[in-house]
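Visitor: Following this message is one structure expressed as structure tokens.
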Amino acid sequence: STTVQLVAGERCALAASSGLVNLAPDFPSKRFLATQTLDEARHVEIFTQRLFDLGVKKDDLESTMSRCTNPNLVKFAEVLLGKVADGDFVAGVVGQNIVLEGMAFTVFELLEATSRDLNPKFAQTLVGTIADERRHVGFGENRIGALLKEHPEKKPEVEKMQGEMS
């Protein structure tokens, strides 16, 4: 189900953003990533509750997640969280705030548009999530842009990483 993919993606985003807090090279980035961690936790909670509302039993949550999560999303999460675990702030921000959040933003916009008439409550939930994702992508683009101005030699590496993660 689509909702399983949303929970899986948001779980990955929660783990990545929380891991990036201590890797951030400056306090404004740490503060932003801390607020993003709270956003991601809220998204995990909202979409997990939606799974329950759709009939998944609490005791079956993890087995449902394991059985139904797209293998490509699992692989992406492994790569991204590996970059974070290795202490690679730039790769983590590219993967988290540009690639993952960029995909999520597009998916949430599509879901919101298709849910407006059928499920207005869910559509309204998605409006708030979209606003969060827009902020997260903006941070990633601004932070990576600033890093590339400081270190232009990293541009090919960042572009390669973005291509691989996409």
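How things are named: the first chain in the structure tokens is A, the next is B, and so on; residues count from 1 in each chain; ligands count from 1 in the order shown.
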Counting only C-alpha atoms, what are the residues of stretch 19-46 of chain A within 12 Å of stretch 84-91 of chain A, and for each of them which pair of atoms is the nearest and at what distance in Å, to one decimal? Sort the table by chain and rising number, as a Markdown table.
Guide:
```
| residue | atom | partner | partner_atom | distance |
| --- | --- | --- | --- | --- |
| A:Gly19 | CA | A:Val84 | CA | 6.3 |
| A:Leu20 | CA | A:Val84 | CA | 6.5 |
| A:Val21 | CA | A:Phe89 | CA | 9.3 |
| A:Asn22 | CA | A:Gly87 | CA | 9.1 |
| A:Leu23 | CA | A:Phe89 | CA | 5.8 |
| A:Ala24 | CA | A:Phe89 | CA | 6.5 |
| A:Pro25 | CA | A:Phe89 | CA | 8.3 |
| A:Asp26 | CA | A:Phe89 | CA | 11.4 |
| A:Ser29 | CA | A:Phe89 | CA | 10.7 |
| A:Lys30 | CA | A:Phe89 | CA | 11.3 |
| A:Leu33 | CA | A:Phe89 | CA | 11.6 |
```
Visitor: In Å, rounded to a single decimal, give me how far atom CA of A:Ala8 is from atom CA of A:Asn72.
Guide: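 Rounded to one decimal, the two atoms are 11.2 Å apart.
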Visitor: Can you list, as a ChimeraX atom specification, every protein, DNA or RNA residue that comes within 10 Å of stretch 134-140 of chain A when you count only C-alpha atoms, leaving out same-chain residues fewer than 5 positions away?
Guide: /A:17,29,32-33,35-36,39,90,92-106,129,145-146
Visitor: Can you measure atom CA of A:Gln162 to atom CA of A:Leu73 for me? One decimal in Å is fine.
Guide: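 It comes out at 15.3 Å.
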Visitor: For A:Leu81, which residue among A:Leu118, A:Val4, A:Ala16, A:Val158 is the nearest when counting only C-alpha atoms?
Guide: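 Among the listed residues, the smallest separation from A:Leu81 belongs to A:Ala16.
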Visitor: So that I can see what lies close to A:Glu109, please list as a list in words the residues with an atom at most 10 Å from it, counting only C-alpha atoms and leaving out residues fewer than 4 positions away in the same chain.
Guide: Ala104, Phe105, Ala113, Thr114, Ser115, Ala123, Leu126, Val127, Thr129 and Ile130 of chain A
Visitor: Could you please write out, as number ranges by chain, every residue of chain A that DSSP assigns to alpha helix (DSSP H)?
Guide: A: 2-21, 27-53, 61-68, 71-85, 89-93, 101-115, 120-150, 155-165
Visitor: Identify, on the basis of only C-alpha atoms, every residue whose closest approach to A:Glu62 does not exceed 12 Å; exclude the query and any residue fewer than 6 positions from it along the same chain; express the result as a VMD selection string.
Guide: chain A and resid 4 7 to 8 48 51 to 52 56 68 to 69
Visitor: Write the residues of the selection above to a file with N, CA and C atoms, as a CSV table (one decimal), in the first residue's frame.
Guide:
```
chain,number,residue,atom,x,y,z
A,4,VAL,N,2.2,2.4,3.4
A,4,VAL,CA,3.4,1.7,3.9
A,4,VAL,C,4.6,2.4,3.4
A,7,VAL,N,5.2,5.6,5.4
A,7,VAL,CA,5.8,5.3,6.7
A,7,VAL,C,7.3,5.0,6.6
A,8,ALA,N,7.6,4.2,5.6
A,8,ALA,CA,9.0,3.8,5.4
A,8,ALA,C,9.9,5.0,5.1
A,48,THR,N,1.6,6.3,10.3
A,48,THR,CA,1.4,5.0,11.0
A,48,THR,C,-0.1,4.9,11.5
A,51,LEU,N,-2.2,3.9,8.8
A,51,LEU,CA,-2.2,2.4,8.5
A,51,LEU,C,-3.1,1.7,9.5
A,52,PHE,N,-3.1,2.1,10.8
A,52,PHE,CA,-4.0,1.5,11.7
A,52,PHE,C,-5.5,1.8,11.3
A,56,VAL,N,-4.6,-2.1,9.6
A,56,VAL,CA,-3.4,-2.8,10.0
A,56,VAL,C,-3.4,-2.9,11.6
A,68,CYS,N,5.7,-5.2,2.9
A,68,CYS,CA,5.2,-4.4,1.8
A,68,CYS,C,6.0,-3.2,1.4
A,69,THR,N,7.1,-2.9,2.1
A,69,THR,CA,8.0,-1.8,1.7
A,69,THR,C,8.7,-2.1,0.4
```
